[in-house]
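Undergrad: My file is my_file-v9.txt. It has compact mmCIF, C-alpha atoms:
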```txt
# COMPACT_ATOMS: atom_id res chain seq x y z
CA MET J 1 -46.36 3.20 47.13
CA THR J 2 -44.56 0.10 45.93
CA THR J 3 -40.80 -0.02 46.28
CA LEU J 4 -38.82 -2.15 43.87
CA THR J 5 -36.47 -4.51 45.62
CA PRO J 6 -33.58 -6.34 43.96
CA ALA J 7 -35.70 -9.48 43.98
CA ALA J 8 -38.42 -7.68 41.98
CA LEU J 9 -36.05 -6.64 39.19
CA PRO J 10 -35.74 -8.86 36.12
CA VAL J 11 -32.84 -11.28 36.35
CA VAL J 12 -30.50 -11.61 33.37
CA THR J 13 -28.88 -15.00 33.24
CA ASP J 14 -25.30 -15.72 32.22
CA ALA J 15 -26.60 -17.47 29.10
CA GLN J 16 -28.50 -14.35 28.04
CA LEU J 17 -25.45 -12.18 28.64
CA ASP J 18 -23.33 -14.56 26.58
CA ALA J 19 -25.91 -14.44 23.78
CA LEU J 20 -25.87 -10.63 23.83
CA ARG J 21 -22.08 -10.53 23.69
CA THR J 22 -22.00 -13.09 20.89
CA GLY J 23 -24.53 -11.11 18.86
CA ARG J 24 -22.56 -7.90 19.40
CA ARG J 25 -19.31 -9.56 18.31
CA HIS J 26 -21.03 -11.05 15.27
CA ARG J 27 -22.40 -7.65 14.18
CA SER J 28 -19.04 -5.99 14.73
CA ARG J 29 -17.20 -8.68 12.77
CA ARG J 30 -19.72 -8.53 9.92
CA ARG J 31 -19.44 -4.75 9.71
CA THR J 32 -15.62 -4.87 9.76
CA ILE J 33 -15.53 -7.47 6.98
CA ALA J 34 -18.02 -5.44 4.94
CA ILE J 35 -15.94 -2.27 5.31
CA VAL J 36 -12.74 -4.06 4.28
CA VAL J 37 -14.43 -5.62 1.24
CA MET J 38 -15.98 -2.32 0.18
CA CYS J 39 -12.63 -0.56 0.54
CA ALA J 40 -11.09 -3.20 -1.74
CA ILE J 41 -13.89 -2.70 -4.27
CA VAL J 42 -13.34 1.07 -4.24
CA VAL J 43 -9.61 0.55 -4.87
CA VAL J 44 -10.28 -1.85 -7.75
CA LEU J 45 -12.85 0.45 -9.37
CA PHE J 46 -10.55 3.47 -8.87
CA ALA J 47 -7.70 1.59 -10.56
CA ALA J 48 -10.02 0.60 -13.43
CA MET J 49 -10.97 4.27 -13.91
CA LEU J 50 -7.28 5.13 -14.30
CA MET J 51 -6.34 2.19 -16.52
CA LEU J 52 -9.29 1.89 -18.92
CA GLY J 53 -10.11 4.11 -21.89
CA ASN J 54 -9.27 4.44 -25.56
CA THR J 55 -5.76 3.47 -24.48
CA ILE J 56 -5.38 0.87 -21.75
CA TYR J 57 -2.39 1.52 -19.52
CA PRO J 58 -0.76 -1.16 -17.35
CA VAL J 59 -0.63 -0.85 -13.59
CA SER J 60 3.09 -0.02 -13.73
CA ASP J 61 2.46 3.08 -15.88
CA VAL J 62 -0.41 4.23 -13.66
CA LEU J 63 1.69 3.85 -10.51
CA ALA J 64 4.57 5.71 -12.17
CA VAL J 65 2.28 8.62 -13.04
CA LEU J 66 0.88 8.71 -9.49
CA ALA J 67 4.46 8.76 -8.19
CA GLY J 68 5.17 11.87 -10.26
CA GLN J 69 7.23 10.25 -13.00
CA GLN J 70 6.91 11.26 -16.64
CA VAL J 71 5.44 8.49 -18.79
CA PRO J 72 4.89 9.35 -22.48
CA GLY J 73 1.15 9.53 -23.16
CA ALA J 74 0.12 8.27 -19.74
CA SER J 75 1.22 11.40 -17.86
CA PHE J 76 -1.37 13.52 -19.64
CA THR J 77 -4.13 10.93 -20.10
CA VAL J 78 -3.94 9.45 -16.61
CA GLY J 79 -2.70 12.46 -14.66
CA SER J 80 -4.74 15.23 -16.26
CA LEU J 81 -7.89 13.46 -17.52
CA ARG J 82 -8.59 10.24 -15.66
CA LEU J 83 -7.23 11.02 -12.18
CA PRO J 84 -9.43 14.12 -11.59
CA ARG J 85 -12.44 12.15 -12.82
CA ALA J 86 -11.72 9.21 -10.50
CA LEU J 87 -11.01 11.41 -7.48
CA THR J 88 -14.19 13.41 -8.08
CA ALA J 89 -16.18 10.18 -8.37
CA VAL J 90 -14.88 8.86 -5.03
CA LEU J 91 -15.32 12.12 -3.15
CA ALA J 92 -18.78 12.86 -4.58
CA GLY J 93 -19.90 9.30 -3.84
CA ILE J 94 -18.73 9.59 -0.23
CA ALA J 95 -20.42 12.97 0.19
CA PHE J 96 -23.74 11.84 -1.30
CA GLY J 97 -23.67 8.55 0.63
CA VAL J 98 -23.05 10.17 4.01
CA ALA J 99 -25.59 12.95 3.39
CA GLY J 100 -28.33 10.54 2.33
CA SER J 101 -27.72 8.07 5.15
CA THR J 102 -27.70 10.88 7.73
CA PHE J 103 -31.08 12.22 6.63
CA GLN J 104 -32.64 8.76 6.30
CA THR J 105 -31.49 7.71 9.77
CA MET J 106 -32.36 10.96 11.51
CA LEU J 107 -35.84 11.20 9.95
CA ARG J 108 -36.43 7.43 10.16
CA ASN J 109 -37.59 7.30 6.55
CA PRO J 110 -35.75 5.82 3.53
CA LEU J 111 -37.33 8.48 1.29
CA ALA J 112 -35.61 11.31 3.19
CA SER J 113 -32.51 11.75 1.05
CA PRO J 114 -31.30 15.15 -0.21
CA ASP J 115 -32.10 14.41 -3.85
CA VAL J 116 -35.66 13.28 -3.09
CA ILE J 117 -36.59 16.13 -0.70
CA GLY J 118 -35.33 18.91 -2.96
CA ILE J 119 -32.06 20.02 -1.34
CA THR J 120 -29.88 19.08 -4.30
CA SER J 121 -32.45 20.74 -6.58
CA GLY J 122 -31.79 24.01 -4.76
CA ALA J 123 -28.04 23.62 -5.15
CA SER J 124 -28.40 22.62 -8.80
CA ALA J 125 -30.68 25.56 -9.63
CA ALA J 126 -28.20 27.97 -8.04
CA ALA J 127 -25.30 26.39 -9.94
CA ILE J 128 -27.10 26.71 -13.28
CA LEU J 129 -28.01 30.33 -12.48
CA SER J 130 -24.37 31.03 -11.70
CA LEU J 131 -23.03 29.32 -14.81
CA ILE J 132 -25.39 30.38 -17.57
CA VAL J 133 -26.74 33.71 -16.28
CA LEU J 134 -24.14 35.21 -13.96
CA HIS J 135 -21.15 33.46 -15.59
CA TRP J 136 -19.35 33.16 -12.27
CA SER J 137 -16.22 31.10 -11.65
CA SER J 138 -16.31 27.54 -10.34
CA GLY J 139 -15.43 28.69 -6.82
CA ALA J 140 -18.21 31.27 -6.74
CA THR J 141 -20.59 28.73 -8.26
CA MET J 142 -19.79 26.26 -5.49
CA ALA J 143 -20.34 28.92 -2.82
CA LEU J 144 -23.69 29.94 -4.33
CA ALA J 145 -24.79 26.30 -4.62
CA LEU J 146 -23.87 25.67 -0.98
CA GLY J 147 -25.80 28.71 0.21
CA ALA J 148 -28.83 27.84 -1.92
CA GLY J 149 -28.86 24.26 -0.68
CA ILE J 150 -28.74 25.34 2.96
CA LEU J 151 -31.47 27.94 2.35
CA THR J 152 -33.63 25.30 0.66
CA ALA J 153 -33.17 22.96 3.62
CA VAL J 154 -34.12 25.73 6.07
CA VAL J 155 -37.26 26.62 4.09
CA ILE J 156 -38.35 22.97 3.90
CA TYR J 157 -37.72 22.43 7.63
CA LEU J 158 -39.58 25.57 8.70
CA ALA J 159 -42.55 24.67 6.50
CA ALA J 160 -42.69 21.11 7.84
CA ARG J 161 -42.03 21.55 11.55
CA GLY J 162 -44.67 21.05 14.24
CA GLY J 163 -47.07 18.23 15.01
CA GLU J 164 -46.36 14.54 15.23
CA SER J 165 -45.61 13.75 11.57
CA THR J 166 -42.84 16.22 10.80
CA GLY J 167 -40.82 13.64 8.91
CA GLY J 168 -43.63 12.75 6.51
CA ARG J 169 -44.55 16.40 5.91
CA LEU J 170 -40.90 17.30 5.37
CA ILE J 171 -40.63 14.72 2.60
CA LEU J 172 -43.84 15.82 0.89
CA ILE J 173 -42.97 19.52 1.14
CA GLY J 174 -39.44 18.77 -0.03
CA ILE J 175 -40.75 16.97 -3.11
CA GLY J 176 -42.96 19.99 -3.87
CA VAL J 177 -40.10 22.47 -3.37
CA GLY J 178 -37.89 20.31 -5.56
CA ALA J 179 -40.52 20.35 -8.33
CA MET J 180 -40.68 24.17 -8.18
CA LEU J 181 -36.90 24.44 -8.33
CA ASP J 182 -36.81 22.04 -11.28
CA ALA J 183 -39.28 24.40 -13.00
CA VAL J 184 -36.86 27.28 -12.34
CA VAL J 185 -34.08 25.24 -13.93
CA ALA J 186 -36.27 24.53 -16.98
CA TYR J 187 -37.00 28.25 -17.34
CA LEU J 188 -33.31 29.13 -17.12
CA LEU J 189 -32.49 26.57 -19.79
CA LEU J 190 -35.26 27.94 -22.00
CA ARG J 191 -33.78 31.44 -21.81
CA ALA J 192 -30.14 30.34 -22.04
CA ALA J 193 -27.92 30.95 -25.03
CA VAL J 194 -27.19 27.96 -27.23
CA TRP J 195 -23.53 27.82 -26.23
CA ASP J 196 -24.49 27.66 -22.55
CA LEU J 197 -26.79 24.65 -22.92
CA SER J 198 -23.96 22.11 -23.06
CA VAL J 199 -22.62 23.46 -19.75
CA ALA J 200 -26.07 23.34 -18.16
CA ALA J 201 -26.71 19.81 -19.42
CA ARG J 202 -23.97 18.57 -17.10
CA TRP J 203 -25.87 19.92 -14.10
CA MET J 204 -29.15 18.47 -15.29
CA THR J 205 -27.93 14.87 -15.47
CA GLY J 206 -24.95 14.71 -13.12
CA SER J 207 -21.71 14.01 -14.91
CA LEU J 208 -18.01 13.52 -14.35
CA ASN J 209 -17.16 14.73 -17.87
CA GLY J 210 -14.82 17.67 -17.77
CA SER J 211 -13.69 17.03 -14.20
CA ARG J 212 -10.70 19.20 -13.40
CA MET J 213 -8.05 18.84 -10.73
CA GLU J 214 -8.68 22.40 -9.50
CA ASP J 215 -12.26 21.44 -8.62
CA VAL J 216 -11.13 18.53 -6.43
CA PRO J 217 -9.63 20.40 -3.40
CA PRO J 218 -12.87 22.16 -2.28
CA LEU J 219 -14.81 18.90 -2.39
CA ALA J 220 -11.95 17.02 -0.72
CA ILE J 221 -11.77 19.59 2.10
CA ALA J 222 -15.54 19.36 2.61
CA VAL J 223 -15.37 15.57 2.82
CA LEU J 224 -12.34 15.54 5.12
CA VAL J 225 -13.93 18.07 7.49
CA LEU J 226 -17.62 17.16 7.46
CA VAL J 227 -17.55 13.36 7.28
CA PRO J 228 -15.59 13.10 10.58
CA VAL J 229 -18.17 15.45 12.14
CA VAL J 230 -20.97 13.07 11.17
CA LEU J 231 -18.95 10.06 12.35
CA LEU J 232 -18.32 11.71 15.72
CA LEU J 233 -22.05 12.32 16.05
CA SER J 234 -23.01 8.84 14.83
CA ARG J 235 -23.90 7.69 18.35
CA ASP J 236 -26.24 10.68 18.74
CA LEU J 237 -27.63 9.90 15.28
CA GLY J 238 -28.43 6.36 16.37
CA ALA J 239 -30.24 7.73 19.42
CA LEU J 240 -32.21 10.21 17.30
CA GLU J 241 -33.43 7.28 15.23
CA LEU J 242 -35.31 6.14 18.35
CA GLY J 243 -37.18 9.46 18.59
CA ASP J 244 -36.55 12.75 20.41
CA ALA J 245 -37.91 11.56 23.76
CA SER J 246 -35.76 8.44 23.82
CA ALA J 247 -32.69 10.37 22.64
CA THR J 248 -33.16 12.95 25.39
CA ALA J 249 -33.53 10.16 27.97
CA LEU J 250 -30.22 8.73 26.74
CA GLY J 251 -28.50 12.05 27.39
CA VAL J 252 -28.38 13.38 23.83
CA ARG J 253 -28.64 17.13 23.33
CA VAL J 254 -31.22 16.74 20.61
CA ASP J 255 -31.36 20.25 19.15
CA ARG J 256 -27.59 20.70 19.04
CA SER J 257 -26.95 17.28 17.51
CA ARG J 258 -29.73 17.66 14.93
CA VAL J 259 -28.50 21.08 13.80
CA LEU J 260 -24.91 19.88 13.43
CA LEU J 261 -25.97 16.75 11.54
CA VAL J 262 -28.31 18.66 9.21
CA VAL J 263 -25.72 21.34 8.43
CA ALA J 264 -23.01 18.74 7.77
CA ALA J 265 -25.28 16.58 5.58
CA VAL J 266 -26.65 19.54 3.59
CA ALA J 267 -23.15 20.93 3.06
CA LEU J 268 -21.85 17.57 1.82
CA ALA J 269 -24.74 17.19 -0.62
CA CYS J 270 -24.33 20.76 -1.88
CA PHE J 271 -20.55 20.56 -2.34
CA ALA J 272 -20.96 17.33 -4.30
CA THR J 273 -23.79 18.77 -6.39
CA ALA J 274 -21.81 21.92 -7.16
CA THR J 275 -18.90 19.78 -8.37
CA THR J 276 -20.63 17.04 -10.37
CA GLY J 277 -24.23 18.11 -10.74
CA PRO J 278 -27.09 16.22 -9.07
CA ILE J 279 -26.04 12.59 -9.59
CA ALA J 280 -29.42 10.94 -9.20
CA PHE J 281 -30.24 8.51 -6.39
CA VAL J 282 -26.71 7.96 -5.01
CA ALA J 283 -27.70 9.58 -1.71
CA PHE J 284 -30.97 7.68 -1.88
CA LEU J 285 -29.48 4.22 -2.50
CA ALA J 286 -26.22 4.23 -0.53
CA GLY J 287 -27.74 4.05 2.95
CA PRO J 288 -30.25 1.22 2.34
CA ILE J 289 -27.67 -0.85 0.45
CA ALA J 290 -25.10 -0.36 3.22
CA ALA J 291 -27.67 -1.25 5.88
CA ARG J 292 -28.46 -4.51 4.07
CA ILE J 293 -24.75 -5.33 3.85
CA VAL J 294 -23.76 -4.66 7.47
CA GLY J 295 -26.99 -5.98 8.99
CA PRO J 296 -29.44 -4.52 11.52
CA GLY J 297 -28.19 -2.56 14.50
CA ALA J 298 -24.78 -1.70 13.05
CA PRO J 299 -23.60 1.91 12.45
CA VAL J 300 -24.11 2.64 8.78
CA ILE J 301 -22.45 6.01 8.06
CA LEU J 302 -19.00 4.71 7.05
CA PRO J 303 -20.41 1.78 5.02
CA ALA J 304 -22.80 4.22 3.31
CA ALA J 305 -19.86 6.46 2.37
CA LEU J 306 -18.03 3.52 0.78
CA THR J 307 -21.21 2.33 -0.92
CA GLY J 308 -21.72 5.78 -2.42
CA ALA J 309 -18.18 5.77 -3.78
CA CYS J 310 -18.71 2.30 -5.27
CA LEU J 311 -21.99 3.37 -6.89
CA VAL J 312 -20.52 6.43 -8.59
CA LEU J 313 -17.36 4.64 -9.76
CA ALA J 314 -19.24 1.61 -11.05
CA ALA J 315 -21.95 3.70 -12.73
CA ASP J 316 -19.36 5.86 -14.49
CA LEU J 317 -17.50 2.80 -15.76
CA LEU J 318 -20.78 1.34 -17.03
CA GLY J 319 -21.69 4.62 -18.70
CA GLN J 320 -18.32 4.81 -20.44
CA PHE J 321 -17.76 1.23 -21.55
CA ALA J 322 -20.90 -0.92 -21.26
CA PHE J 323 -22.85 0.59 -24.17
CA ASP J 324 -22.21 1.75 -27.70
CA THR J 325 -23.04 5.30 -26.61
CA LYS J 326 -21.33 6.93 -23.64
CA PHE J 327 -23.78 7.98 -20.92
CA PRO J 328 -23.23 10.42 -18.03
CA VAL J 329 -23.01 8.81 -14.62
CA GLY J 330 -26.31 10.38 -13.55
CA VAL J 331 -28.19 8.53 -16.29
CA ILE J 332 -26.91 5.16 -15.04
CA THR J 333 -27.65 5.88 -11.37
CA GLY J 334 -31.09 7.13 -12.38
CA ILE J 335 -31.82 3.84 -14.15
CA LEU J 336 -30.71 1.96 -11.03
CA GLY J 337 -32.49 4.15 -8.49
CA ALA J 338 -35.85 4.88 -10.11
CA PRO J 339 -37.29 1.34 -9.67
CA TYR J 340 -36.29 1.32 -5.99
CA LEU J 341 -37.94 4.72 -5.45
CA ILE J 342 -41.16 3.47 -7.04
CA TYR J 343 -41.05 0.38 -4.82
CA LEU J 344 -40.58 2.48 -1.66
CA LEU J 345 -43.41 4.85 -2.62
CA ILE J 346 -45.78 1.92 -3.17
CA ARG J 347 -44.77 0.27 0.11
CA THR J 348 -45.08 3.54 2.04
CA SER J 349 -48.54 4.29 0.62
CA ARG J 350 -49.74 0.81 1.54
CA ARG J 351 -48.56 1.32 5.10
CA GLY J 352 -50.32 4.66 5.31
CA GLY J 353 -47.18 6.80 5.28
CA SER J 354 -44.41 7.24 7.75
CA SER J 355 -43.75 9.77 10.42
```
What would you get if you wrote out this structure as structure tokens?
TA:
Amino acid sequence: MTTLTPAALPVVTDAQLDALRTGRRHRSRRRTIAIVVMCAIVVVLFAAMLMLGNTIYPVSDVLAVLAGQQVPGASFTVGSLRLPRALTAVLAGIAFGVAGSTFQTMLRNPLASPDVIGITSGASAAAILSLIVLHWSSGATMALALGAGILTAVVIYLAARGGESTGGRLILIGIGVGAMLDAVVAYLLLRAAVWDLSVAARWMTGSLNGSRMEDVPPLAIAVLVLVPVVLLLSRDLGALELGDASATALGVRVDRSRVLLVVAAVALACFATATTGPIAFVAFLAGPIAARIVGPGAPVILPAALTGACLVLAADLLGQFAFDTKFPVGVITGILGAPYLIYLLIRTSRRGGSS
């Protein structure tokens, strides 16, 4: 039996250590700069949401309304109409971005976002059932959507588990389950009364129209509670990206961490879907865009959250002001995300799939 002696171990030179430290500092600095810039972009887009419209209000009026002062015209337009819309856009973007990035990292596949694998379809179908059949309140609708999304995720996971290609099967099964749930939604719309169709259309496309301040607190609580959970588990998430065996060797409690991450990500996606409808491809795009911005090897959850907020805010502004006709935010994100999805599907098929 051969015994390793200190002389037999690989020697790391001071130059190599310096190179490693320099690379680590460079990645950290790049990520910090990216986060600061994205925060500034979110603030600018948020301010634009409050200022722009049929009447353009100056920054002084917007700040006065936010401070609780009464400004003729602006108090209602900014405080009651634009502020709930802007807050919902930011919170939904953060929720979708974190949920999508968590699934994509944990399953090591850019296709594994909640909207692609059918989880948001489950939440959306439940929300439409609640609104146009059961006629439940917004709070009950959100609870039903959350439960349906979690149940959909459990069904997809149980059907896909086992073997060496769980990730690939999960995506394929999720796409199939999503198609079945979309058929359920189509059936509900076919049987719905005419006056219910306008309500259901919001859930079909994903829209910020009709955002109300009373719908903001549940989504805000979900984001404030669940996003820190994912951030606290981000180190475990990075280890899970290496595979279960490697994560276990690094001391990660794989089953516990995976369950917590899945529950948090599914809940975020479902809360956002129940509030805004299934805004297409935000969860799908936020993670890859954030990863490109911060560079390889850097934690991506927080940048993905900010990227999701930027995507929803920017898409809503484009939908409101860039065209002669006003489009829901989900239409704009769908136009942006569909080509990237097609590209990923082609690239994945050429590589023979992903596990």
Undergrad: Tell me which of J:Leu336, J:Leu302, J:Ala315, J:Ala272 sits closest to Gly287 in chain J, counting all atoms listed in the file.
TA: J:Leu302
Undergrad: Take CA of Met49 in chain J and CA of Ala200 in chain J and report the distance between them in Å, one decimal.
TA: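 Interatomic distance here is 24.7 Å.
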Undergrad: Need to verify the contact set: range 329-332 of chain J, 10 Å, all atoms listed in the file, exclusion of same-chain residues closer than 6 positions in sequence. Can you return it as a list in words?
TA: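 Those residues are Ala89, Arg202, Trp203, Met204, Thr205, Gly206, Ser207, Leu208, Asn209, Thr276, Gly277, Pro278, Ile279, Ala280, Phe281, Val282, Leu311, Val312, Leu313, Ala314, Ala315, Asp316, Leu317, Leu318, Gly319 and Gln320 of chain J.
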Undergrad: Could I get the residues of range 282-346 of chain J with an atom no further than 12 Å from an atom of range 244-266 of chain J, each paired with its nearest atom pair and that distance in Å to one decimal, using only C-alpha atoms, sorted by chain and residue number, as JSON lines?
TA:
```
{"residue": "J:Ala283", "atom": "CA", "partner": "J:Ala265", "partner_atom": "CA", "distance": 10.4}
{"residue": "J:Ile301", "atom": "CA", "partner": "J:Ala265", "partner_atom": "CA", "distance": 11.2}
{"residue": "J:Ala305", "atom": "CA", "partner": "J:Ala265", "partner_atom": "CA", "distance": 11.9}
```
Undergrad: Identify which of the residues J:Phe103, J:Phe96, J:Phe46, J:Tyr187 lies closest to Arg82 in chain J, counting only C-alpha atoms when measuring atom-to-atom distances.
TA: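 When distances to Arg82 in chain J are compared using only C-alpha atoms, the smallest one comes from J:Phe46.
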Undergrad: Expressed in Å to a single decimal, how great is the separation between CA of Ile41 in chain J and CA of Val300 in chain J?
TA: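 Interatomic distance, CA of Ile41 in chain J to CA of Val300 in chain J: 17.4 Å.
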Undergrad: Select, counting only C-alpha atoms, all protein, DNA and RNA residues no farther than 6 Å from (-33.1, 5.3, 5.1) in file coordinates, and express the selection as a list in words.
TA: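 Every residue inside that radius is included here: Gln104, Thr105, Asn109, Pro110, Gly287 and Pro288 of chain J.
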